[in-house]
>>> print(open('coords.cif').read())   # mmCIF, C-alpha atoms
data_final
#
loop_
_atom_site.group_PDB
_atom_site.id
_atom_site.type_symbol
_atom_site.label_atom_id
_atom_site.label_comp_id
_atom_site.auth_asym_id
_atom_site.auth_seq_id
_atom_site.Cartn_x
_atom_site.Cartn_y
_atom_site.Cartn_z
ATOM 1 C CA MET F 8 63.851 116.580 17.163
ATOM 2 C CA VAL F 9 60.948 114.330 16.232
ATOM 3 C CA GLN F 10 59.480 115.096 12.831
ATOM 4 C CA CYS F 11 56.458 113.022 11.886
ATOM 5 C CA SER F 12 54.680 112.931 8.561
ATOM 6 C CA ILE F 13 51.189 114.374 8.209
ATOM 7 C CA THR F 14 49.821 110.826 8.096
ATOM 8 C CA GLU F 15 51.638 109.920 11.331
ATOM 9 C CA VAL F 16 50.299 113.016 13.107
ATOM 10 C CA GLU F 17 46.765 112.263 11.906
ATOM 11 C CA ARG F 18 47.088 108.648 13.040
ATOM 12 C CA PHE F 19 48.360 109.764 16.442
ATOM 13 C CA ILE F 20 45.445 112.184 16.956
ATOM 14 C CA SER F 21 42.935 109.527 15.926
ATOM 15 C CA GLY F 22 44.465 106.989 18.305
ATOM 16 C CA MET F 23 44.506 109.469 21.154
ATOM 17 C CA LYS F 24 40.716 109.359 21.301
ATOM 18 C CA ASN F 25 41.097 105.956 22.980
ATOM 19 C CA PRO F 26 41.371 106.301 26.803
ATOM 20 C CA VAL F 27 43.617 103.235 26.956
ATOM 21 C CA LYS F 28 46.155 104.904 24.658
ATOM 22 C CA LEU F 29 45.887 108.176 26.574
ATOM 23 C CA LEU F 30 46.633 106.486 29.882
ATOM 24 C CA ARG F 31 49.472 104.509 28.318
ATOM 25 C CA GLY F 32 51.094 107.746 27.211
ATOM 26 C CA CYS F 33 50.557 109.326 30.622
ATOM 27 C CA THR F 34 52.213 106.323 32.273
ATOM 28 C CA ILE F 35 55.317 106.780 30.115
ATOM 29 C CA PHE F 36 55.339 110.509 30.867
ATOM 30 C CA ASN F 37 55.235 109.892 34.616
ATOM 31 C CA LYS F 38 58.130 107.434 34.404
ATOM 32 C CA GLU F 39 60.270 109.701 32.253
ATOM 33 C CA GLU F 40 59.568 113.172 33.675
ATOM 34 C CA PRO F 41 60.290 113.929 37.356
ATOM 35 C CA ARG F 42 59.782 117.623 36.574
ATOM 36 C CA ASP F 43 56.033 117.075 36.665
ATOM 37 C CA LEU F 44 56.185 117.696 40.421
ATOM 38 C CA ALA F 45 56.824 121.348 39.576
ATOM 39 C CA TYR F 46 53.498 121.416 37.745
ATOM 40 C CA ILE F 47 51.621 120.111 40.775
ATOM 41 C CA VAL F 48 53.342 122.592 43.088
ATOM 42 C CA ALA F 49 52.603 125.449 40.686
ATOM 43 C CA ARG F 50 48.954 124.422 40.498
ATOM 44 C CA LYS F 51 48.814 124.213 44.310
ATOM 45 C CA ILE F 52 50.064 127.776 44.690
ATOM 46 C CA ILE F 53 47.556 129.131 42.180
ATOM 47 C CA SER F 54 44.611 127.094 43.479
ATOM 48 C CA GLU F 55 45.068 128.564 46.959
ATOM 49 C CA ARG F 56 44.296 132.067 45.629
ATOM 50 C CA PRO F 57 43.150 131.817 41.999
ATOM 51 C CA ASP F 58 42.020 135.456 42.102
ATOM 52 C CA SER F 59 45.457 136.717 43.168
ATOM 53 C CA VAL F 60 47.777 137.876 40.399
ATOM 54 C CA TYR F 61 50.755 137.299 42.707
ATOM 55 C CA HIS F 62 49.827 133.677 43.330
ATOM 56 C CA ILE F 63 49.417 133.237 39.580
ATOM 57 C CA VAL F 64 52.803 134.825 38.873
ATOM 58 C CA ALA F 65 54.518 132.724 41.570
ATOM 59 C CA GLY F 66 53.061 129.491 40.213
ATOM 60 C CA VAL F 67 53.861 130.373 36.608
ATOM 61 C CA LYS F 68 57.442 131.357 37.434
ATOM 62 C CA ILE F 69 58.057 128.016 39.110
ATOM 63 C CA LEU F 70 56.807 126.159 36.057
ATOM 64 C CA LEU F 71 58.606 128.299 33.473
ATOM 65 C CA LEU F 72 61.920 128.377 35.332
ATOM 66 C CA ILE F 73 61.932 124.573 35.338
ATOM 67 C CA TRP F 74 60.172 123.589 32.104
ATOM 68 C CA ASN F 75 61.127 126.586 29.965
ATOM 69 C CA ILE F 76 64.609 127.182 31.337
ATOM 70 C CA VAL F 77 66.435 126.512 28.048
ATOM 71 C CA TYR F 78 64.510 129.346 26.409
ATOM 72 C CA ILE F 79 64.868 131.676 29.390
ATOM 73 C CA ARG F 80 68.573 131.006 29.882
ATOM 74 C CA PHE F 81 69.492 132.455 26.489
ATOM 75 C CA LEU F 82 67.430 135.610 26.803
ATOM 76 C CA PRO F 83 69.201 138.947 27.387
ATOM 77 C CA THR F 84 69.650 139.643 31.097
ATOM 78 C CA LYS F 85 67.179 142.529 31.115
ATOM 79 C CA THR F 86 64.529 140.414 29.383
ATOM 80 C CA ARG F 87 64.959 137.620 31.941
ATOM 81 C CA GLN F 88 64.629 140.109 34.760
ATOM 82 C CA ASP F 89 61.388 141.425 33.280
ATOM 83 C CA LEU F 90 59.597 138.062 33.470
ATOM 84 C CA GLU F 91 57.596 138.756 36.627
ATOM 85 C CA GLU F 92 56.607 142.259 35.567
ATOM 86 C CA ASP F 93 55.662 141.071 32.090
ATOM 87 C CA LEU F 94 53.480 138.290 33.500
ATOM 88 C CA VAL F 95 51.610 140.833 35.604
ATOM 89 C CA LYS F 96 51.139 143.209 32.662
ATOM 90 C CA ALA F 97 49.975 140.408 30.351
ATOM 91 C CA TYR F 98 47.529 139.061 32.906
ATOM 92 C CA GLU F 99 46.042 142.469 33.618
ATOM 93 C CA LYS F 100 45.519 143.072 29.892
ATOM 94 C CA ALA F 101 43.901 139.677 29.385
ATOM 95 C CA ARG F 102 42.075 139.414 32.727
ATOM 96 C CA ASN F 103 38.589 140.311 31.488
ATOM 97 C CA ASP F 104 38.711 137.847 28.606
ATOM 98 C CA ILE F 105 40.158 135.143 30.856
ATOM 99 C CA GLU F 106 37.357 135.647 33.381
ATOM 100 C CA VAL F 107 34.753 135.243 30.640
ATOM 101 C CA LEU F 108 36.206 131.753 30.064
ATOM 102 C CA SER F 109 36.408 130.900 33.771
ATOM 103 C CA ASP F 110 33.730 128.186 33.666
ATOM 104 C CA LYS F 111 34.500 126.841 30.196
ATOM 105 C CA ARG F 112 35.853 123.405 29.336
ATOM 106 C CA LEU F 113 37.813 122.607 26.214
ATOM 107 C CA GLN F 114 35.548 119.722 25.262
ATOM 108 C CA SER F 115 32.328 121.718 25.356
ATOM 109 C CA ILE F 116 33.092 125.245 24.135
ATOM 110 C CA ASP F 117 32.206 126.189 20.548
ATOM 111 C CA LEU F 118 35.542 126.711 18.812
ATOM 112 C CA GLN F 119 33.748 127.615 15.606
ATOM 113 C CA ASP F 120 32.260 130.709 17.215
ATOM 114 C CA PRO F 121 34.165 133.758 15.876
ATOM 115 C CA THR F 122 33.715 135.568 19.204
ATOM 116 C CA VAL F 123 35.331 132.702 21.105
ATOM 117 C CA ILE F 124 38.144 132.412 18.565
ATOM 118 C CA ASP F 125 38.861 136.139 18.719
ATOM 119 C CA ARG F 126 38.952 136.002 22.518
ATOM 120 C CA ILE F 127 41.423 133.090 22.606
ATOM 121 C CA ASP F 128 43.532 134.788 19.945
ATOM 122 C CA ALA F 129 43.631 138.027 21.960
ATOM 123 C CA ILE F 130 44.453 136.298 25.256
ATOM 124 C CA PHE F 131 47.270 134.267 23.749
ATOM 125 C CA ARG F 132 48.730 137.340 22.060
ATOM 126 C CA CYS F 133 48.742 139.279 25.346
ATOM 127 C CA PHE F 134 51.226 136.790 26.796
ATOM 128 C CA ARG F 135 53.337 135.633 23.869
ATOM 129 C CA GLU F 136 54.142 139.197 22.756
ATOM 130 C CA TYR F 137 56.511 139.526 25.722
ATOM 131 C CA ASP F 138 59.903 138.010 24.900
ATOM 132 C CA SER F 139 60.384 136.968 28.533
ATOM 133 C CA ILE F 140 57.348 134.668 28.211
ATOM 134 C CA GLY F 141 57.417 133.629 24.559
ATOM 135 C CA VAL F 142 55.092 131.363 22.615
ATOM 136 C CA THR F 143 55.646 128.186 24.633
ATOM 137 C CA GLY F 144 55.585 130.097 27.900
ATOM 138 C CA ALA F 145 52.278 131.718 26.939
ATOM 139 C CA SER F 146 50.595 128.332 26.485
ATOM 140 C CA LYS F 147 51.983 127.047 29.799
ATOM 141 C CA THR F 148 50.892 130.192 31.619
ATOM 142 C CA LEU F 149 47.370 130.090 30.263
ATOM 143 C CA HIS F 150 47.024 126.397 31.041
ATOM 144 C CA LEU F 151 48.018 126.975 34.668
ATOM 145 C CA ILE F 152 45.413 129.729 34.945
ATOM 146 C CA ARG F 153 42.644 127.707 33.231
ATOM 147 C CA PRO F 154 43.827 124.058 33.225
ATOM 148 C CA SER F 155 40.550 122.636 31.923
ATOM 149 C CA PHE F 156 40.523 124.926 28.915
ATOM 150 C CA PHE F 157 43.919 125.984 27.574
ATOM 151 C CA VAL F 158 46.396 123.438 26.237
ATOM 152 C CA MET F 159 50.181 123.576 26.559
ATOM 153 C CA TRP F 160 52.527 123.132 23.615
ATOM 154 C CA ASP F 161 56.238 123.423 22.942
ATOM 155 C CA GLY F 162 58.275 123.765 19.766
ATOM 156 C CA GLU F 163 58.225 120.102 18.755
ATOM 157 C CA ILE F 164 54.521 119.656 19.446
ATOM 158 C CA ARG F 165 53.766 122.881 17.589
ATOM 159 C CA LYS F 166 55.781 121.921 14.497
ATOM 160 C CA ASN F 167 54.111 118.540 14.178
ATOM 161 C CA TYR F 168 50.533 119.713 14.704
ATOM 162 C CA HIS F 169 51.156 122.659 12.387
ATOM 163 C CA LYS F 170 51.680 120.236 9.518
ATOM 164 C CA LEU F 171 47.926 119.643 9.512
ATOM 165 C CA HIS F 172 47.294 123.254 8.496
ATOM 166 C CA GLN F 173 50.628 124.352 7.057
ATOM 167 C CA ASN F 174 49.103 125.249 3.687
ATOM 168 C CA ARG F 175 47.011 127.980 5.286
ATOM 169 C CA ARG F 176 48.682 131.297 6.030
ATOM 170 C CA HIS F 177 47.939 132.386 9.569
ATOM 171 C CA THR F 178 49.503 134.040 12.603
ATOM 172 C CA ILE F 179 51.026 132.142 15.519
ATOM 173 C CA ASP F 180 47.961 133.099 17.574
ATOM 174 C CA GLU F 181 45.647 131.575 14.956
ATOM 175 C CA CYS F 182 47.891 128.513 14.857
ATOM 176 C CA TYR F 183 47.342 128.079 18.595
ATOM 177 C CA VAL F 184 43.569 128.236 18.076
ATOM 178 C CA ASP F 185 43.860 125.530 15.404
ATOM 179 C CA PHE F 186 45.888 123.434 17.837
ATOM 180 C CA MET F 187 43.147 123.825 20.443
ATOM 181 C CA LYS F 188 40.559 122.702 17.882
ATOM 182 C CA GLN F 189 42.568 119.558 17.165
ATOM 183 C CA THR F 190 42.987 118.891 20.883
ATOM 184 C CA GLN F 191 39.273 119.427 21.413
ATOM 185 C CA GLN F 192 38.512 116.630 18.947
ATOM 186 C CA ILE F 193 40.695 114.307 21.032
ATOM 187 C CA ALA F 194 38.923 115.349 24.244
ATOM 188 C CA LYS F 195 35.482 114.825 22.707
ATOM 189 C CA GLY F 196 36.493 111.397 21.423
ATOM 190 C CA LEU F 197 37.767 110.367 24.851
ATOM 191 C CA LEU F 198 34.565 111.458 26.571
ATOM 192 C CA LEU F 199 32.462 109.354 24.202
ATOM 193 C CA GLN F 200 34.042 106.312 25.862
ATOM 194 C CA ARG F 201 34.673 107.365 29.462
ATOM 195 C CA SER F 202 33.902 110.299 31.728
ATOM 196 C CA ALA F 203 36.662 112.694 32.728
ATOM 197 C CA GLU F 204 36.385 111.407 36.297
ATOM 198 C CA GLU F 205 36.796 107.790 35.188
ATOM 199 C CA ILE F 206 39.868 108.698 33.149
ATOM 200 C CA TRP F 207 41.413 110.614 36.053
ATOM 201 C CA THR F 208 40.682 107.762 38.475
ATOM 202 C CA ALA F 209 42.689 105.437 36.212
ATOM 203 C CA TYR F 210 45.577 107.918 35.907
ATOM 204 C CA PRO F 211 48.892 106.275 36.989
ATOM 205 C CA ILE F 212 49.649 108.716 39.825
ATOM 206 C CA HIS F 213 47.046 106.992 41.994
ATOM 207 C CA SER F 214 49.190 103.862 42.177
ATOM 208 C CA THR F 215 52.672 105.337 41.797
ATOM 209 C CA GLU F 216 52.440 108.384 44.080
ATOM 210 C CA PRO F 217 49.192 108.243 46.084
ATOM 211 C CA GLN F 218 50.659 110.646 48.666
ATOM 212 C CA LEU F 219 50.612 113.445 46.084
ATOM 213 C CA VAL F 220 46.928 112.896 45.419
ATOM 214 C CA GLU F 221 46.233 112.899 49.147
ATOM 215 C CA GLU F 222 48.360 115.883 50.131
ATOM 216 C CA PHE F 223 47.820 118.087 47.083
ATOM 217 C CA SER F 224 44.195 117.065 46.491
ATOM 218 C CA GLU F 225 42.698 119.439 43.883
ATOM 219 C CA ALA F 226 46.076 120.589 42.589
ATOM 220 C CA SER F 227 47.077 117.021 41.736
ATOM 221 C CA VAL F 228 44.075 116.450 39.465
ATOM 222 C CA LYS F 229 45.129 116.312 35.833
ATOM 223 C CA SER F 230 42.635 117.822 33.404
ATOM 224 C CA LEU F 231 42.087 116.323 29.965
ATOM 225 C CA PRO F 232 44.180 119.107 28.342
ATOM 226 C CA LYS F 233 47.069 118.229 30.691
ATOM 227 C CA MET F 234 46.836 114.498 30.027
ATOM 228 C CA ILE F 235 46.715 115.086 26.284
ATOM 229 C CA ASP F 236 49.756 117.351 26.589
ATOM 230 C CA GLU F 237 51.658 114.586 28.370
ATOM 231 C CA CYS F 238 50.953 112.235 25.473
ATOM 232 C CA ASN F 239 51.972 114.918 22.965
ATOM 233 C CA TYR F 240 55.230 115.318 24.876
ATOM 234 C CA VAL F 241 55.938 111.581 24.858
ATOM 235 C CA ARG F 242 55.239 111.289 21.121
ATOM 236 C CA PHE F 243 56.784 114.485 19.748
ATOM 237 C CA ARG F 244 59.462 115.332 22.305
ATOM 238 C CA LEU F 245 60.598 111.915 23.537
ATOM 239 C CA GLY F 246 59.872 110.227 20.215
ATOM 240 C CA GLN F 247 58.048 107.248 21.702
ATOM 241 C CA ASP F 248 55.177 105.844 19.635
ATOM 242 C CA PHE F 249 53.066 104.188 22.307
#
>>> encode(input="coords.cif", output="structure tokens")
Amino acid sequence: MVQCSITEVERFISGMKNPVKLLRGCTIFNKEEPRDLAYIVARKIISERPDSVYHIVAGVKILLLIWNIVYIRFLPTKTRQDLEEDLVKAYEKARNDIEVLSDKRLQSIDLQDPTVIDRIDAIFRCFREYDSIGVTGASKTLHLIRPSFFVMWDGEIRKNYHKLHQNRRHTIDECYVDFMKQTQQIAKGLLLQRSAEEIWTAYPIHSTEPQLVEEFSEASVKSLPKMIDECNYVRFRLGQDF
């Protein structure tokens, strides 16, 4: 477990607005985490039929069964077996709100707008309320569905970012919205220095695994929320201060 002070978290977020630091973190992530291939495969499945709930469920299951397996393994058998059905039910409940956000980008949406906040809150709650999916699984699911908007988090990332607003009483859904606001500030800072395309072009996969970029094309493209998540993972899960 990596527990940083509030000052360390604030310093990390400030530094993350530098594209050089972002790409440095992504390079470490790619060296340390072979499981990222599962993300690309999951994105490929969903991108082939983004309007198909079954493609979405198949892609999400691949990601969760690899990246969220520790959580899933200790669930009651019946709860584990309900994962696919629960994903379908959650998606159907949240579908209309998700579609409203279909063309939105994290860096440009108004996260001070109460209507937007309420929509994100409601969408997140639709997924995390199922024990088979959970809080971390909800963020991963939503990111796969809208990779340029929703941001993934896990327990360690959540605990460290939460320190920035721990004195305010709020629900886990509201905490996720706060996390998105903090991530948005990173994305905006990055785009003041380079375009999203320039950052992606410099992403390490182009030199380390060019065949993935060629064969998986659109599915291999890492959005800013994904790249920021990789850096969060390196800092708060692996404990590397890059």
>>> residues_around(input="coords.cif", residues="Gln173 (chain F)", least_positions_apart="5", cutoff="12 Å", atoms="all atoms listed in the file", output="MDAnalysis selection string")
chainID F and resid 13 165:168 178:179 181:182 185:186
>>> resolve_selection(input="coords.cif", expression="the PyMOL selection byres ((chain F and resi 105-119) around 7)", output="list in words")
Ala101, Arg102, Asn103, Asp104, Asp120, Pro121, Val123, Ile124, Ser155, Phe156, Lys188, Gln191, Ala194 and Lys195 of chain F
>>> closest_atom_pairs(input="coords.cif", of="region 49-156 of chain F", to="region 236-244 of chain F", cutoff="12 Å", atoms="all atoms listed in the file", output="CSV")
residue,atom,partner,partner_atom,distance
F:Ser146,CA,F:Asp236,CA,11.0
F:Lys147,CA,F:Asp236,CA,10.5
F:His150,CA,F:Asp236,CA,10.4
F:Pro154,CA,F:Asp236,CA,11.1
F:Ser155,CA,F:Asp236,CA,11.9
>>> resolve_selection(input="coords.cif", expression="the PyMOL selection byres ((chain F and resi 34) around 10)", output="list in words")
Lys28, Leu29, Leu30, Arg31, Gly32, Cys33, Ile35, Phe36, Asn37, Lys38, Glu39, Tyr210, Pro211, Ile212, Thr215, Glu237, Cys238 and Val241 of chain F
>>> resolve_selection(input="coords.cif", expression="the PyMOL selection byres ((chain F and resi 71) around 10)", output="list of chain:residue names")
F:Ala45, F:Tyr46, F:Ala49, F:Gly66, F:Val67, F:Lys68, F:Ile69, F:Leu70, F:Leu72, F:Ile73, F:Trp74, F:Asn75, F:Ile76, F:Val77, F:Tyr78, F:Ile79, F:Leu90, F:Ile140, F:Thr143, F:Gly144, F:Ala145, F:Lys147, F:Thr148
>>> closest_residue(input="coords.cif", among="F:Ser59, F:Gln189, F:Ser202, F:Gln218", to="Lys170 (chain F)", atoms="all atoms listed in the file")
F:Gln189
>>> atom_distance(input="coords.cif", atom1="CA of Asp128 (chain F)", atom2="CA of Ile235 (chain F)")
20.9 Å
>>> atom_distance(input="coords.cif", atom1="CA of Ala97 (chain F)", atom2="CA of Tyr183 (chain F)")
17.2 Å
>>> axis_aligned_box(input="coords.cif", around="region 221-228 of chain F", padding_each_side="6 Å", output="JSON")
{"center_x": 45.5, "center_y": 116.7, "center_z": 44.8, "size_x": 17.7, "size_y": 19.7, "size_z": 22.7}
>>> atom_distance(input="coords.cif", atom1="CA of Leu149 (chain F)", atom2="CA of Ser54 (chain F)")
13.8 Å
>>> closest_residue(input="coords.cif", among="F:Glu221, F:Glu55, F:Glu92, F:Asp43", to="Lys233 (chain F)", atoms="all atoms listed in the file")
F:Asp43
>>> closest_residue(input="coords.cif", among="F:Glu222, F:Glu99, F:Asp248, F:Asp180", to="Ile20 (chain F)", atoms="all atoms listed in the file")
F:Asp248
>>> residues_near_point(input="coords.cif", point="(54.1, 144.1, 33.8)", cutoff="12 Å", atoms="all atoms listed in the file", output="list in words")
Val60, Tyr61, Val64, Thr86, Gln88, Asp89, Leu90, Glu91, Glu92, Asp93, Leu94, Val95, Lys96, Ala97, Tyr98, Glu99, Lys100, Ala101, Cys133, Phe134, Tyr137, Ser139 and Ile140 of chain F
>>> closest_residue(input="coords.cif", among="F:Val220, F:Leu82, F:Met234, F:Ala226", to="Ala203 (chain F)", atoms="only C-alpha atoms")
F:Met234
>>> closest_residue(input="coords.cif", among="F:Arg42, F:Leu151, F:Asn25, F:Ile130", to="Ala65 (chain F)", atoms="only C-alpha atoms")
F:Leu151
